[in-house]
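The structure under discussion appears below in the form of structure tokens.
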Amino acid sequence: QESRGHHASRDELHAEVQRVTARFQEDGFSRDQRAVELESTLEERNNEIKLLMYRVQELSSKYTPVRGDHTDTVLAKWVNGYRPAVPFFRLAQGTYLFGRRQVVCKISNDKPVFRVGGGFIGFDKFLELYASEELERLLSYEIDERTGEPKFVEAQRVRQAMEDSGAIDEIRDRAVETQAARGEGLRSSADREH
């Protein structure tokens, strides 16, 4: 009878060891599966980053100025000479989008200068201060929990919808009107002084 008790207890221990071993193997398998999933996700993200970098480089590779716009022509020479990783987009005369940052540009001594704070800084200093920050902002994105897609995909859809509806043209027109109003306001106050 004592022997049967030892056998039963040994069998219980064997069963417990088998359960623990099975659970350990399941956990190990589960961790391995998760590692493979994470590696796959990481590879996908790296490919997305490469595509984004390629697209950013493509957008910033050749800047073509608007005909008859002296500021844009001078800026184009500098952009095409430096080839910054962050693209410039002309919104209106003297107003540009650099990455996600809207900037005012004018020409001083045949060089583009950008409004920063209360003054203006040169092209190379501007790139030194803002290019890496803007590139980071262009490349960083969050994942939308609802769709599992990067949030910039949603932004691209919104932008396309805005383009299709004509809203972007309307915004550009307003920027031109604002620019013109500022110029006229300056002229009318200058005229009053003379």
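Chain lettering (A, B, ...) mirrors the order of the structure tokens, residue numbering begins at 1 for each chain separately, and ligand numbering begins at 1 in order of display.
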| field | Residues flagged helix (DSSP H, G or I) by DSSP in chain A, as a VMD selection string | value | chain A and resid 2 to 61 70 to 82 123 to 139 151 to 165 167 to 193
| message | Need to verify the contact set: Arg172 in chain A, 9 Å, only C-alpha atoms, exclusion of same-chain residues closer than 4 positions in sequence. Can you return it as a list in words? | response |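 Contacts, with the query itself left out: Leu91, Ala92, Ala167, Ile168, Val176 and Glu177 of chain A.
Interatomic distance, CA of Pro87 in chain A to CA of Glu128 in chain A: 14.4 Å.
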| query | If you count only C-alpha atoms, which residues fall within 7 Å of range 103-115 of chain A, apart from same-chain ones fewer than 6 positions away, as a list in words? | reply |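 Using only C-alpha atoms, the neighbours found are Thr71, Val74, Leu75, Gly94, Thr95, Tyr96, Leu97, Ile121, Gly122 and Phe123 of chain A.
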Residue selection dump (N, CA, C and O atoms) as a compact mmCIF listing (two decimals), in the first residue's frame:
```txt
# COMPACT_ATOMS: atom_id res chain seq x y z
N THR A 71 12.16 85.73 -56.65
CA THR A 71 12.47 85.04 -55.39
C THR A 71 12.54 83.54 -55.63
O THR A 71 13.47 82.86 -55.19
N VAL A 74 15.74 82.53 -57.64
CA VAL A 74 16.96 82.51 -56.82
C VAL A 74 16.92 81.33 -55.85
O VAL A 74 17.91 80.60 -55.70
N LEU A 75 15.77 81.11 -55.22
CA LEU A 75 15.65 79.99 -54.29
C LEU A 75 15.91 78.67 -55.02
O LEU A 75 16.59 77.78 -54.48
N GLY A 94 6.94 84.37 -52.33
CA GLY A 94 7.65 84.61 -51.08
C GLY A 94 7.20 83.74 -49.92
O GLY A 94 7.75 83.84 -48.82
N THR A 95 6.24 82.86 -50.13
CA THR A 95 5.75 81.98 -49.06
C THR A 95 5.93 80.53 -49.50
O THR A 95 5.48 80.15 -50.58
N TYR A 96 6.60 79.74 -48.63
CA TYR A 96 6.93 78.36 -48.98
C TYR A 96 6.59 77.42 -47.83
O TYR A 96 6.48 77.84 -46.68
N LEU A 97 6.45 76.17 -48.22
CA LEU A 97 6.30 75.11 -47.24
C LEU A 97 7.63 74.36 -47.27
O LEU A 97 8.06 73.88 -48.32
N ILE A 121 17.32 84.89 -41.64
CA ILE A 121 18.58 84.15 -41.64
C ILE A 121 18.82 83.59 -43.03
O ILE A 121 17.88 83.38 -43.80
N GLY A 122 20.09 83.35 -43.35
CA GLY A 122 20.47 82.84 -44.67
C GLY A 122 20.06 81.39 -44.90
O GLY A 122 19.71 80.66 -43.97
N PHE A 123 20.14 80.99 -46.16
CA PHE A 123 19.70 79.66 -46.60
C PHE A 123 20.43 78.55 -45.84
O PHE A 123 19.79 77.65 -45.30
```
| task | Identify, with DSSP run on backbone atoms, the residues in chain A assigned to strand (DSSP E), and express the list as a PyMOL selection string. | result | chain A and resi 88-92+95-98+101-108+111-116+119-122
Produce a file of the selected residues containing C-alpha atoms, as a PDB file, in the first residue's frame.
```
ATOM      1  CA  PHE A  88      10.430  73.251 -50.593  1.00  0.00           C
ATOM      2  CA  PHE A  89       6.958  73.890 -52.031  1.00  0.00           C
ATOM      3  CA  ARG A  90       5.888  77.327 -53.215  1.00  0.00           C
ATOM      4  CA  LEU A  91       2.553  78.391 -51.736  1.00  0.00           C
ATOM      5  CA  ALA A  92       2.536  81.995 -52.963  1.00  0.00           C
ATOM      6  CA  THR A  95       5.753  81.977 -49.057  1.00  0.00           C
ATOM      7  CA  TYR A  96       6.930  78.363 -48.978  1.00  0.00           C
ATOM      8  CA  LEU A  97       6.301  75.110 -47.245  1.00  0.00           C
ATOM      9  CA  PHE A  98       9.544  73.559 -45.989  1.00  0.00           C
ATOM     10  CA  ARG A 101       6.854  74.469 -41.732  1.00  0.00           C
ATOM     11  CA  GLN A 102       5.477  77.500 -43.576  1.00  0.00           C
ATOM     12  CA  VAL A 103       8.219  80.066 -44.180  1.00  0.00           C
ATOM     13  CA  VAL A 104       8.563  83.535 -45.688  1.00  0.00           C
ATOM     14  CA  CYS A 105      11.480  83.997 -48.063  1.00  0.00           C
ATOM     15  CA  LYS A 106      12.944  87.101 -49.652  1.00  0.00           C
ATOM     16  CA  ILE A 107      16.139  87.837 -51.559  1.00  0.00           C
ATOM     17  CA  SER A 108      18.943  89.823 -49.983  1.00  0.00           C
ATOM     18  CA  LYS A 111      20.694  85.118 -51.667  1.00  0.00           C
ATOM     19  CA  PRO A 112      17.491  83.684 -50.181  1.00  0.00           C
ATOM     20  CA  VAL A 113      16.839  84.627 -46.561  1.00  0.00           C
ATOM     21  CA  PHE A 114      14.048  83.278 -44.363  1.00  0.00           C
ATOM     22  CA  ARG A 115      11.990  84.995 -41.713  1.00  0.00           C
ATOM     23  CA  VAL A 116      12.720  83.515 -38.313  1.00  0.00           C
ATOM     24  CA  GLY A 119      14.641  88.779 -38.375  1.00  0.00           C
ATOM     25  CA  PHE A 120      15.938  86.875 -41.367  1.00  0.00           C
ATOM     26  CA  ILE A 121      18.582  84.154 -41.636  1.00  0.00           C
ATOM     27  CA  GLY A 122      20.469  82.842 -44.669  1.00  0.00           C
TER      28      GLY A 122
END
```
| query | Between CA of Val86 in chain A and CA of Leu135 in chain A, what is the spacing in Å? | reply |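 Straight-line distance from CA of Leu135 in chain A to CA of Val86 in chain A works out to 5.8 Å.
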